[in-house]
>>> print(open('model08.cif').read())   # mmCIF, N, CA and C atoms
data_model
#
loop_
_atom_site.label_atom_id
_atom_site.label_comp_id
_atom_site.auth_asym_id
_atom_site.auth_seq_id
_atom_site.Cartn_x
_atom_site.Cartn_y
_atom_site.Cartn_z
N MET A 1 45.05 -5.85 31.26
CA MET A 1 45.22 -4.57 31.92
C MET A 1 44.28 -4.48 33.12
N THR A 2 44.78 -4.08 34.24
CA THR A 2 43.96 -3.95 35.44
C THR A 2 43.52 -2.50 35.64
N ASP A 3 42.32 -2.38 36.19
CA ASP A 3 41.79 -1.06 36.49
C ASP A 3 42.51 -0.51 37.73
N PRO A 4 42.62 0.82 37.87
CA PRO A 4 43.23 1.37 39.08
C PRO A 4 42.35 1.06 40.30
N LEU A 5 42.99 0.86 41.46
CA LEU A 5 42.24 0.59 42.68
C LEU A 5 41.48 1.84 43.12
N PRO A 6 40.25 1.66 43.59
CA PRO A 6 39.56 2.81 44.18
C PRO A 6 40.20 3.15 45.52
N HIS A 7 39.89 4.30 46.07
CA HIS A 7 40.47 4.70 47.35
C HIS A 7 39.39 4.79 48.41
N ALA A 8 39.79 4.61 49.66
CA ALA A 8 38.86 4.68 50.78
C ALA A 8 38.10 6.00 50.76
N GLY A 9 36.82 5.92 50.99
CA GLY A 9 35.96 7.10 50.99
C GLY A 9 35.28 7.37 49.66
N GLN A 10 35.79 6.80 48.59
CA GLN A 10 35.18 6.98 47.27
C GLN A 10 33.82 6.29 47.27
N SER A 11 32.81 6.91 46.65
CA SER A 11 31.48 6.31 46.64
C SER A 11 30.75 6.62 45.34
N ILE A 12 29.72 5.84 45.13
CA ILE A 12 28.85 6.03 43.97
C ILE A 12 27.44 5.61 44.38
N THR A 13 26.45 6.30 43.83
CA THR A 13 25.06 5.98 44.11
C THR A 13 24.35 5.65 42.81
N PHE A 14 23.60 4.56 42.83
CA PHE A 14 22.78 4.14 41.70
C PHE A 14 21.34 4.14 42.18
N ARG A 15 20.46 4.86 41.46
CA ARG A 15 19.05 4.97 41.85
C ARG A 15 18.16 4.27 40.83
N LYS A 16 17.16 3.58 41.34
CA LYS A 16 16.22 2.90 40.45
C LYS A 16 14.89 2.75 41.16
N THR A 17 13.81 2.96 40.41
CA THR A 17 12.47 2.68 40.92
C THR A 17 12.16 1.22 40.62
N MET A 18 11.78 0.50 41.65
CA MET A 18 11.49 -0.92 41.51
C MET A 18 10.05 -1.08 40.99
N THR A 19 9.91 -1.71 39.83
CA THR A 19 8.63 -1.78 39.13
C THR A 19 8.08 -3.21 39.05
N VAL A 20 6.87 -3.31 38.56
CA VAL A 20 6.23 -4.60 38.34
C VAL A 20 7.05 -5.44 37.35
N ALA A 21 7.65 -4.80 36.36
CA ALA A 21 8.46 -5.52 35.38
C ALA A 21 9.63 -6.23 36.06
N GLU A 22 10.36 -5.51 36.92
CA GLU A 22 11.47 -6.15 37.64
C GLU A 22 10.97 -7.28 38.53
N GLN A 23 9.83 -7.06 39.15
CA GLN A 23 9.24 -8.07 40.02
C GLN A 23 8.96 -9.34 39.22
N GLY A 24 8.39 -9.17 38.04
CA GLY A 24 8.11 -10.32 37.18
C GLY A 24 9.37 -11.05 36.74
N PHE A 25 10.38 -10.28 36.35
CA PHE A 25 11.65 -10.90 35.94
C PHE A 25 12.27 -11.68 37.10
N PHE A 26 12.27 -11.07 38.29
CA PHE A 26 12.90 -11.75 39.42
C PHE A 26 12.11 -12.98 39.83
N THR A 27 10.79 -12.92 39.73
CA THR A 27 9.98 -14.11 40.03
C THR A 27 10.38 -15.24 39.09
N GLY A 28 10.56 -14.92 37.80
CA GLY A 28 10.97 -15.94 36.84
C GLY A 28 12.36 -16.48 37.11
N ILE A 29 13.28 -15.62 37.51
CA ILE A 29 14.65 -16.04 37.78
C ILE A 29 14.72 -16.88 39.06
N SER A 30 14.06 -16.41 40.12
CA SER A 30 14.21 -17.05 41.42
C SER A 30 13.21 -18.18 41.67
N GLY A 31 12.05 -18.11 41.02
CA GLY A 31 11.00 -19.09 41.30
C GLY A 31 10.25 -18.78 42.59
N ASN A 32 10.56 -17.65 43.24
CA ASN A 32 9.93 -17.28 44.51
C ASN A 32 8.51 -16.79 44.25
N LEU A 33 7.54 -17.52 44.78
CA LEU A 33 6.14 -17.14 44.63
C LEU A 33 5.52 -16.77 45.97
N GLY A 34 6.35 -16.25 46.89
CA GLY A 34 5.86 -15.83 48.20
C GLY A 34 4.77 -14.78 48.07
N GLY A 35 3.72 -14.91 48.86
CA GLY A 35 2.55 -14.05 48.77
C GLY A 35 2.83 -12.56 48.86
N LEU A 36 3.75 -12.14 49.72
CA LEU A 36 4.04 -10.71 49.84
C LEU A 36 4.61 -10.14 48.55
N TYR A 37 5.24 -10.99 47.75
CA TYR A 37 5.95 -10.54 46.55
C TYR A 37 5.12 -10.64 45.27
N VAL A 38 4.13 -11.50 45.25
CA VAL A 38 3.39 -11.74 44.00
C VAL A 38 1.88 -11.55 44.14
N ASP A 39 1.40 -11.23 45.32
CA ASP A 39 -0.05 -11.14 45.56
C ASP A 39 -0.36 -9.80 46.23
N ARG A 40 -0.91 -8.86 45.46
CA ARG A 40 -1.21 -7.52 46.00
C ARG A 40 -2.18 -7.59 47.17
N THR A 41 -3.18 -8.43 47.07
CA THR A 41 -4.16 -8.54 48.15
C THR A 41 -3.49 -8.98 49.44
N ARG A 42 -2.63 -9.98 49.35
CA ARG A 42 -1.91 -10.46 50.53
C ARG A 42 -1.00 -9.37 51.09
N ALA A 43 -0.25 -8.70 50.22
CA ALA A 43 0.66 -7.65 50.67
C ALA A 43 -0.11 -6.52 51.36
N ARG A 44 -1.23 -6.14 50.79
CA ARG A 44 -2.02 -5.06 51.38
C ARG A 44 -2.63 -5.50 52.71
N SER A 45 -2.99 -6.78 52.83
CA SER A 45 -3.53 -7.28 54.10
C SER A 45 -2.47 -7.24 55.20
N GLU A 46 -1.20 -7.21 54.82
CA GLU A 46 -0.10 -7.10 55.78
C GLU A 46 0.29 -5.65 56.03
N GLY A 47 -0.44 -4.69 55.39
CA GLY A 47 -0.19 -3.28 55.64
C GLY A 47 0.70 -2.57 54.63
N LEU A 48 1.13 -3.29 53.58
CA LEU A 48 1.96 -2.65 52.56
C LEU A 48 1.08 -1.92 51.55
N ALA A 49 1.63 -0.89 50.92
CA ALA A 49 0.90 -0.14 49.90
C ALA A 49 0.76 -0.96 48.62
N ASP A 50 1.67 -1.90 48.39
CA ASP A 50 1.68 -2.75 47.19
C ASP A 50 2.49 -3.99 47.54
N MET A 51 2.72 -4.85 46.56
CA MET A 51 3.55 -6.02 46.79
C MET A 51 4.92 -5.58 47.27
N ALA A 52 5.58 -6.42 48.06
CA ALA A 52 6.93 -6.13 48.54
C ALA A 52 7.93 -6.38 47.42
N VAL A 53 8.92 -5.51 47.34
CA VAL A 53 10.05 -5.71 46.42
C VAL A 53 10.86 -6.88 46.95
N PHE A 54 11.30 -7.76 46.06
CA PHE A 54 12.20 -8.83 46.47
C PHE A 54 13.47 -8.19 47.04
N GLU A 55 13.84 -8.56 48.24
CA GLU A 55 15.02 -7.97 48.86
C GLU A 55 16.28 -8.23 48.04
N LEU A 56 16.41 -9.42 47.47
CA LEU A 56 17.60 -9.70 46.67
C LEU A 56 17.62 -8.90 45.37
N ALA A 57 16.47 -8.58 44.83
CA ALA A 57 16.42 -7.73 43.64
C ALA A 57 16.85 -6.31 44.01
N ALA A 58 16.36 -5.82 45.15
CA ALA A 58 16.79 -4.49 45.61
C ALA A 58 18.28 -4.50 45.91
N GLY A 59 18.76 -5.55 46.56
CA GLY A 59 20.17 -5.67 46.88
C GLY A 59 21.06 -5.70 45.65
N ALA A 60 20.54 -6.24 44.57
CA ALA A 60 21.32 -6.33 43.33
C ALA A 60 21.69 -4.95 42.79
N LEU A 61 20.94 -3.91 43.17
CA LEU A 61 21.27 -2.57 42.70
C LEU A 61 22.66 -2.14 43.16
N PHE A 62 23.10 -2.67 44.29
CA PHE A 62 24.43 -2.33 44.78
C PHE A 62 25.52 -2.85 43.86
N SER A 63 25.24 -3.91 43.11
CA SER A 63 26.26 -4.49 42.24
C SER A 63 26.70 -3.50 41.16
N THR A 64 25.84 -2.58 40.78
CA THR A 64 26.21 -1.56 39.79
C THR A 64 27.34 -0.68 40.33
N GLY A 65 27.17 -0.19 41.54
CA GLY A 65 28.22 0.64 42.14
C GLY A 65 29.49 -0.14 42.41
N LEU A 66 29.34 -1.39 42.85
CA LEU A 66 30.53 -2.22 43.10
C LEU A 66 31.33 -2.39 41.81
N ALA A 67 30.65 -2.70 40.73
CA ALA A 67 31.34 -2.91 39.45
C ALA A 67 31.99 -1.63 38.95
N ARG A 68 31.31 -0.51 39.11
CA ARG A 68 31.87 0.76 38.63
C ARG A 68 33.09 1.18 39.43
N LEU A 69 33.08 0.94 40.74
CA LEU A 69 34.22 1.33 41.56
C LEU A 69 35.36 0.33 41.47
N ALA A 70 35.05 -0.95 41.45
CA ALA A 70 36.10 -1.98 41.46
C ALA A 70 36.68 -2.25 40.09
N GLY A 71 35.92 -2.04 39.04
CA GLY A 71 36.38 -2.37 37.70
C GLY A 71 36.21 -3.85 37.40
N SER A 72 36.72 -4.25 36.28
CA SER A 72 36.49 -5.61 35.79
C SER A 72 37.44 -6.66 36.35
N SER A 73 38.38 -6.26 37.18
CA SER A 73 39.36 -7.21 37.71
C SER A 73 38.93 -7.85 39.02
N PHE A 74 37.79 -7.44 39.58
CA PHE A 74 37.32 -7.96 40.86
C PHE A 74 35.94 -8.57 40.73
N ARG A 75 35.66 -9.53 41.62
CA ARG A 75 34.35 -10.17 41.69
C ARG A 75 33.88 -10.16 43.14
N ILE A 76 32.59 -10.34 43.36
CA ILE A 76 32.04 -10.37 44.71
C ILE A 76 32.45 -11.68 45.38
N ALA A 77 33.08 -11.57 46.54
CA ALA A 77 33.40 -12.75 47.36
C ALA A 77 32.35 -12.93 48.45
N SER A 78 31.88 -11.82 49.01
CA SER A 78 30.82 -11.88 50.02
C SER A 78 30.05 -10.57 50.00
N ILE A 79 28.78 -10.69 50.39
CA ILE A 79 27.92 -9.51 50.45
C ILE A 79 26.84 -9.79 51.48
N SER A 80 26.47 -8.77 52.24
CA SER A 80 25.40 -8.94 53.23
C SER A 80 24.54 -7.67 53.25
N PHE A 81 23.26 -7.91 53.56
CA PHE A 81 22.29 -6.81 53.62
C PHE A 81 21.45 -6.96 54.88
N ALA A 82 21.03 -5.84 55.43
CA ALA A 82 20.03 -5.80 56.50
C ALA A 82 18.97 -4.79 56.05
N PHE A 83 17.73 -5.25 55.98
CA PHE A 83 16.61 -4.39 55.57
C PHE A 83 15.81 -4.02 56.81
N SER A 84 15.61 -2.72 57.03
CA SER A 84 14.87 -2.28 58.22
C SER A 84 13.37 -2.43 58.06
N ARG A 85 12.92 -2.54 56.82
CA ARG A 85 11.48 -2.71 56.57
C ARG A 85 11.28 -3.23 55.15
N ALA A 86 10.06 -3.67 54.88
CA ALA A 86 9.72 -4.10 53.52
C ALA A 86 9.61 -2.86 52.63
N LEU A 87 9.97 -3.03 51.37
CA LEU A 87 9.85 -1.95 50.39
C LEU A 87 8.72 -2.29 49.44
N PRO A 88 7.69 -1.44 49.34
CA PRO A 88 6.64 -1.73 48.38
C PRO A 88 7.07 -1.41 46.95
N LEU A 89 6.50 -2.11 45.99
CA LEU A 89 6.76 -1.79 44.59
C LEU A 89 6.52 -0.30 44.38
N GLY A 90 7.28 0.28 43.50
CA GLY A 90 7.20 1.72 43.25
C GLY A 90 8.19 2.51 44.08
N SER A 91 8.86 1.83 45.04
CA SER A 91 9.90 2.51 45.83
C SER A 91 11.09 2.83 44.94
N SER A 92 11.63 4.03 45.12
CA SER A 92 12.85 4.42 44.41
C SER A 92 14.00 4.29 45.39
N LEU A 93 14.86 3.30 45.15
CA LEU A 93 15.97 3.00 46.04
C LEU A 93 17.25 3.65 45.53
N ALA A 94 17.93 4.39 46.41
CA ALA A 94 19.25 4.94 46.11
C ALA A 94 20.26 4.04 46.80
N ALA A 95 20.99 3.26 46.01
CA ALA A 95 21.95 2.29 46.53
C ALA A 95 23.34 2.91 46.48
N THR A 96 23.89 3.24 47.65
CA THR A 96 25.20 3.89 47.73
C THR A 96 26.25 2.88 48.19
N VAL A 97 27.33 2.84 47.43
CA VAL A 97 28.46 1.96 47.71
C VAL A 97 29.65 2.85 48.04
N THR A 98 30.27 2.62 49.20
CA THR A 98 31.41 3.43 49.64
C THR A 98 32.60 2.52 49.93
N VAL A 99 33.74 2.86 49.38
CA VAL A 99 34.95 2.07 49.62
C VAL A 99 35.38 2.25 51.08
N ALA A 100 35.47 1.13 51.80
CA ALA A 100 35.93 1.16 53.19
C ALA A 100 37.45 0.93 53.25
N ASP A 101 37.93 0.00 52.43
CA ASP A 101 39.36 -0.27 52.37
C ASP A 101 39.69 -0.89 51.03
N ALA A 102 40.92 -0.69 50.58
CA ALA A 102 41.31 -1.19 49.26
C ALA A 102 42.76 -1.65 49.26
N SER A 103 42.97 -2.83 48.73
CA SER A 103 44.31 -3.35 48.49
C SER A 103 44.22 -4.24 47.25
N PRO A 104 45.33 -4.60 46.65
CA PRO A 104 45.27 -5.49 45.49
C PRO A 104 44.66 -6.85 45.81
N GLU A 105 44.66 -7.25 47.09
CA GLU A 105 44.12 -8.56 47.49
C GLU A 105 42.63 -8.55 47.73
N ALA A 106 42.06 -7.41 48.11
CA ALA A 106 40.62 -7.34 48.40
C ALA A 106 40.18 -5.89 48.52
N LEU A 107 38.91 -5.68 48.20
CA LEU A 107 38.27 -4.38 48.36
C LEU A 107 37.11 -4.55 49.32
N GLY A 108 37.00 -3.66 50.31
CA GLY A 108 35.89 -3.69 51.24
C GLY A 108 34.97 -2.50 51.01
N PHE A 109 33.67 -2.74 51.11
CA PHE A 109 32.69 -1.69 50.83
C PHE A 109 31.62 -1.64 51.91
N ASP A 110 31.14 -0.44 52.21
CA ASP A 110 29.95 -0.24 53.02
C ASP A 110 28.81 0.05 52.07
N LEU A 111 27.64 -0.50 52.37
CA LEU A 111 26.46 -0.35 51.52
C LEU A 111 25.36 0.35 52.31
N THR A 112 24.73 1.35 51.70
CA THR A 112 23.62 2.06 52.32
C THR A 112 22.55 2.32 51.27
N GLY A 113 21.33 1.91 51.58
CA GLY A 113 20.21 2.15 50.66
C GLY A 113 19.18 3.05 51.31
N THR A 114 18.74 4.06 50.57
CA THR A 114 17.74 4.97 51.10
C THR A 114 16.54 5.06 50.17
N VAL A 115 15.39 5.29 50.78
CA VAL A 115 14.16 5.60 50.06
C VAL A 115 13.63 6.88 50.70
N ASP A 116 13.50 7.93 49.91
CA ASP A 116 13.02 9.23 50.42
C ASP A 116 13.82 9.67 51.65
N ALA A 117 15.13 9.59 51.60
CA ALA A 117 16.06 10.03 52.65
C ALA A 117 16.02 9.15 53.89
N GLU A 118 15.24 8.07 53.90
CA GLU A 118 15.22 7.12 55.02
C GLU A 118 16.14 5.95 54.69
N THR A 119 17.06 5.64 55.59
CA THR A 119 17.93 4.49 55.39
C THR A 119 17.12 3.22 55.63
N VAL A 120 17.03 2.39 54.60
CA VAL A 120 16.24 1.16 54.68
C VAL A 120 17.08 -0.11 54.47
N VAL A 121 18.31 0.07 53.99
CA VAL A 121 19.21 -1.06 53.77
C VAL A 121 20.61 -0.66 54.23
N THR A 122 21.25 -1.53 54.97
CA THR A 122 22.67 -1.36 55.28
C THR A 122 23.35 -2.69 54.99
N GLY A 123 24.64 -2.63 54.75
CA GLY A 123 25.34 -3.87 54.49
C GLY A 123 26.80 -3.65 54.19
N SER A 124 27.43 -4.72 53.74
CA SER A 124 28.84 -4.66 53.38
C SER A 124 29.12 -5.66 52.27
N ALA A 125 30.21 -5.43 51.59
CA ALA A 125 30.63 -6.33 50.51
C ALA A 125 32.14 -6.42 50.51
N ARG A 126 32.63 -7.57 50.09
CA ARG A 126 34.07 -7.79 49.93
C ARG A 126 34.28 -8.33 48.52
N LEU A 127 35.12 -7.67 47.77
CA LEU A 127 35.46 -8.11 46.42
C LEU A 127 36.91 -8.58 46.38
N VAL A 128 37.15 -9.60 45.60
CA VAL A 128 38.50 -10.15 45.45
C VAL A 128 38.84 -10.20 43.96
N PRO A 129 40.13 -10.28 43.65
CA PRO A 129 40.52 -10.36 42.24
C PRO A 129 39.93 -11.60 41.56
N VAL A 130 39.65 -11.46 40.30
CA VAL A 130 39.17 -12.58 39.52
C VAL A 130 40.31 -13.59 39.38
N ASP A 131 40.00 -14.85 39.64
CA ASP A 131 41.00 -15.92 39.50
C ASP A 131 40.34 -17.03 38.70
N PRO A 132 40.61 -17.08 37.39
CA PRO A 132 39.94 -18.07 36.55
C PRO A 132 40.24 -19.50 36.96
N ALA A 133 41.35 -19.74 37.65
CA ALA A 133 41.70 -21.10 38.06
C ALA A 133 41.05 -21.48 39.38
N GLY A 134 40.60 -20.50 40.14
CA GLY A 134 40.09 -20.81 41.47
C GLY A 134 38.69 -20.48 41.61
#
>>> encode(input="model08.cif", output="structure tokens")
Amino acid sequence: MTDPLPHAGQSITFRKTMTVAEQGFFTGISGNLGGLYVDRTRARSEGLADMAVFELAAGALFSTGLARLAGSSFRIASISFAFSRALPLGSSLAATVTVADASPEALGFDLTGTVDAETVVTGSARLVPVDPAG
């Protein structure tokens, strides 16, 4: 059974505060030991209030909205992000996913992330139907 297609303009926002726990998990998953992400002293020397949130961990918050809007019949084919600045740990990111276009062949989405009403992430995603053979 396939989920109904979302319609253009439909959106959902998922909010999460990025914590030390997520930072530790992502370090273990990615193996990234970059100083801005794992060394408070280094991050503060660069002017951040705390270590920087891994951009890909912050970007992953958009996958929640994509899955909720697209349903289980679609998977991510492409996704892109642009971050206007580093996000320090403790930032609460509101990841908004908005349907730009929808057809049975592909779903297009606009992505916008805000922290305290400031847009800090923009991007887009394209989802395609799941094809177990391809």
>>> residues_around(input="model08.cif", residues="Gly113 of chain A", least_positions_apart="2", cutoff="12 Å", atoms="only C-alpha atoms", output="ChimeraX atom specification")
/A:12-16,55,58-62,65,81-85,87,91-98,110-111,115-124
>>> write_last_selection(input="model08.cif", atoms="N, CA and C atoms", output="compact mmCIF listing (two decimals), in the frame of the given file")
# COMPACT_ATOMS: atom_id res chain seq x y z
N ILE A 12 29.72 5.84 45.13
CA ILE A 12 28.85 6.03 43.97
C ILE A 12 27.44 5.61 44.38
N THR A 13 26.45 6.30 43.83
CA THR A 13 25.06 5.98 44.11
C THR A 13 24.35 5.65 42.81
N PHE A 14 23.60 4.56 42.83
CA PHE A 14 22.78 4.14 41.70
C PHE A 14 21.34 4.14 42.18
N ARG A 15 20.46 4.86 41.46
CA ARG A 15 19.05 4.97 41.85
C ARG A 15 18.16 4.27 40.83
N LYS A 16 17.16 3.58 41.34
CA LYS A 16 16.22 2.90 40.45
C LYS A 16 14.89 2.75 41.16
N GLU A 55 13.84 -8.56 48.24
CA GLU A 55 15.02 -7.97 48.86
C GLU A 55 16.28 -8.23 48.04
N ALA A 58 16.36 -5.82 45.15
CA ALA A 58 16.79 -4.49 45.61
C ALA A 58 18.28 -4.50 45.91
N GLY A 59 18.76 -5.55 46.56
CA GLY A 59 20.17 -5.67 46.88
C GLY A 59 21.06 -5.70 45.65
N ALA A 60 20.54 -6.24 44.57
CA ALA A 60 21.32 -6.33 43.33
C ALA A 60 21.69 -4.95 42.79
N LEU A 61 20.94 -3.91 43.17
CA LEU A 61 21.27 -2.57 42.70
C LEU A 61 22.66 -2.14 43.16
N PHE A 62 23.10 -2.67 44.29
CA PHE A 62 24.43 -2.33 44.78
C PHE A 62 25.52 -2.85 43.86
N GLY A 65 27.17 -0.19 41.54
CA GLY A 65 28.22 0.64 42.14
C GLY A 65 29.49 -0.14 42.41
N PHE A 81 23.26 -7.91 53.56
CA PHE A 81 22.29 -6.81 53.62
C PHE A 81 21.45 -6.96 54.88
N ALA A 82 21.03 -5.84 55.43
CA ALA A 82 20.03 -5.80 56.50
C ALA A 82 18.97 -4.79 56.05
N PHE A 83 17.73 -5.25 55.98
CA PHE A 83 16.61 -4.39 55.57
C PHE A 83 15.81 -4.02 56.81
N SER A 84 15.61 -2.72 57.03
CA SER A 84 14.87 -2.28 58.22
C SER A 84 13.37 -2.43 58.06
N ARG A 85 12.92 -2.54 56.82
CA ARG A 85 11.48 -2.71 56.57
C ARG A 85 11.28 -3.23 55.15
N LEU A 87 9.97 -3.03 51.37
CA LEU A 87 9.85 -1.95 50.39
C LEU A 87 8.72 -2.29 49.44
N SER A 91 8.86 1.83 45.04
CA SER A 91 9.90 2.51 45.83
C SER A 91 11.09 2.83 44.94
N SER A 92 11.63 4.03 45.12
CA SER A 92 12.85 4.42 44.41
C SER A 92 14.00 4.29 45.39
N LEU A 93 14.86 3.30 45.15
CA LEU A 93 15.97 3.00 46.04
C LEU A 93 17.25 3.65 45.53
N ALA A 94 17.93 4.39 46.41
CA ALA A 94 19.25 4.94 46.11
C ALA A 94 20.26 4.04 46.80
N ALA A 95 20.99 3.26 46.01
CA ALA A 95 21.95 2.29 46.53
C ALA A 95 23.34 2.91 46.48
N THR A 96 23.89 3.24 47.65
CA THR A 96 25.20 3.89 47.73
C THR A 96 26.25 2.88 48.19
N VAL A 97 27.33 2.84 47.43
CA VAL A 97 28.46 1.96 47.71
C VAL A 97 29.65 2.85 48.04
N THR A 98 30.27 2.62 49.20
CA THR A 98 31.41 3.43 49.64
C THR A 98 32.60 2.52 49.93
N ASP A 110 31.14 -0.44 52.21
CA ASP A 110 29.95 -0.24 53.02
C ASP A 110 28.81 0.05 52.07
N LEU A 111 27.64 -0.50 52.37
CA LEU A 111 26.46 -0.35 51.52
C LEU A 111 25.36 0.35 52.31
N VAL A 115 15.39 5.29 50.78
CA VAL A 115 14.16 5.60 50.06
C VAL A 115 13.63 6.88 50.70
N ASP A 116 13.50 7.93 49.91
CA ASP A 116 13.02 9.23 50.42
C ASP A 116 13.82 9.67 51.65
N ALA A 117 15.13 9.59 51.60
CA ALA A 117 16.06 10.03 52.65
C ALA A 117 16.02 9.15 53.89
N GLU A 118 15.24 8.07 53.90
CA GLU A 118 15.22 7.12 55.02
C GLU A 118 16.14 5.95 54.69
N THR A 119 17.06 5.64 55.59
CA THR A 119 17.93 4.49 55.39
C THR A 119 17.12 3.22 55.63
N VAL A 120 17.03 2.39 54.60
CA VAL A 120 16.24 1.16 54.68
C VAL A 120 17.08 -0.11 54.47
N VAL A 121 18.31 0.07 53.99
CA VAL A 121 19.21 -1.06 53.77
C VAL A 121 20.61 -0.66 54.23
N THR A 122 21.25 -1.53 54.97
CA THR A 122 22.67 -1.36 55.28
C THR A 122 23.35 -2.69 54.99
N GLY A 123 24.64 -2.63 54.75
CA GLY A 123 25.34 -3.87 54.49
C GLY A 123 26.80 -3.65 54.19
N SER A 124 27.43 -4.72 53.74
CA SER A 124 28.84 -4.66 53.38
C SER A 124 29.12 -5.66 52.27
>>> atom_distance(input="model08.cif", atom1="atom CA of Gln10 of chain A", atom2="atom N of Ala100 of chain A")
7.4 Å
>>> resolve_selection(input="model08.cif", expression="the PyMOL selection byres (((chain A and resi 53 and name CA) around 12) and name CA)", output="MDAnalysis selection string")
chainID A and resid 17:27 32 34:40 43 48:52 54:60 83 85:93
>>> atom_distance(input="model08.cif", atom1="atom CA of Asp3 of chain A", atom2="atom CA of Pro129 of chain A")
11.0 Å
>>> resolve_selection(input="model08.cif", expression="the PyMOL selection byres (((chain A and resi 103 and name CA) around 10) and name CA)", output="list in words")
Leu5, Pro6, His7, Ala8, Asp101, Ala102, Pro104, Glu105, Ala106, Leu107, Gly108 and Val128 of chain A
>>> select_by_dssp(input="model08.cif", residues="chain A", states="strand (DSSP E)", output="PyMOL selection string")
chain A and resi 11-17+74-83+92-103+106-115+118-129
>>> atom_distance(input="model08.cif", atom1="atom CA of Val130 of chain A", atom2="atom CA of Ser78 of chain A")
13.4 Å
>>> select_by_dssp(input="model08.cif", residues="segment 7-134 of chain A", states="helix (DSSP H, G or I)", output="number ranges by chain")
A: 20-30, 35-38, 40-45, 55-60, 62-70
>>> residues_around(input="model08.cif", residues="Ala77 of chain A", least_positions_apart="6", cutoff="7 Å", atoms="all atoms listed in the file", output="MDAnalysis selection string")
chainID A and resid 125:128
>>> decode(input="model08.cif", residues="segment 62-87 of chain A", atoms="C-alpha atoms", output="PDB file, in the first residue's frame")
ATOM      1  CA  PHE A  62      15.319  17.425   8.042  1.00  0.00           C
ATOM      2  CA  SER A  63      14.969  13.687   7.385  1.00  0.00           C
ATOM      3  CA  THR A  64      12.212  13.535  10.011  1.00  0.00           C
ATOM      4  CA  GLY A  65      10.027  15.966   8.086  1.00  0.00           C
ATOM      5  CA  LEU A  66      10.871  14.333   4.761  1.00  0.00           C
ATOM      6  CA  ALA A  67       9.809  10.922   6.057  1.00  0.00           C
ATOM      7  CA  ARG A  68       6.609  12.248   7.612  1.00  0.00           C
ATOM      8  CA  LEU A  69       5.541  14.079   4.458  1.00  0.00           C
ATOM      9  CA  ALA A  70       6.686  11.519   1.876  1.00  0.00           C
ATOM     10  CA  GLY A  71       5.707   8.364   3.727  1.00  0.00           C
ATOM     11  CA  SER A  72       7.417   5.018   3.495  1.00  0.00           C
ATOM     12  CA  SER A  73       7.277   4.664  -0.296  1.00  0.00           C
ATOM     13  CA  PHE A  74      10.013   7.253  -0.997  1.00  0.00           C
ATOM     14  CA  ARG A  75      13.730   7.525  -0.259  1.00  0.00           C
ATOM     15  CA  ILE A  76      16.202  10.405  -0.478  1.00  0.00           C
ATOM     16  CA  ALA A  77      17.791  10.627  -3.933  1.00  0.00           C
ATOM     17  CA  SER A  78      19.574  13.935  -3.321  1.00  0.00           C
ATOM     18  CA  ILE A  79      19.848  16.513  -0.589  1.00  0.00           C
ATOM     19  CA  SER A  80      21.835  19.725  -0.215  1.00  0.00           C
ATOM     20  CA  PHE A  81      22.412  22.201   2.592  1.00  0.00           C
ATOM     21  CA  ALA A  82      23.952  25.656   2.905  1.00  0.00           C
ATOM     22  CA  PHE A  83      24.853  26.814   6.420  1.00  0.00           C
ATOM     23  CA  SER A  84      25.200  30.572   6.937  1.00  0.00           C
ATOM     24  CA  ARG A  85      27.207  30.112  10.130  1.00  0.00           C
ATOM     25  CA  ALA A  86      28.450  27.545  12.618  1.00  0.00           C
ATOM     26  CA  LEU A  87      25.935  26.370  15.202  1.00  0.00           C
TER      27      LEU A  87
END
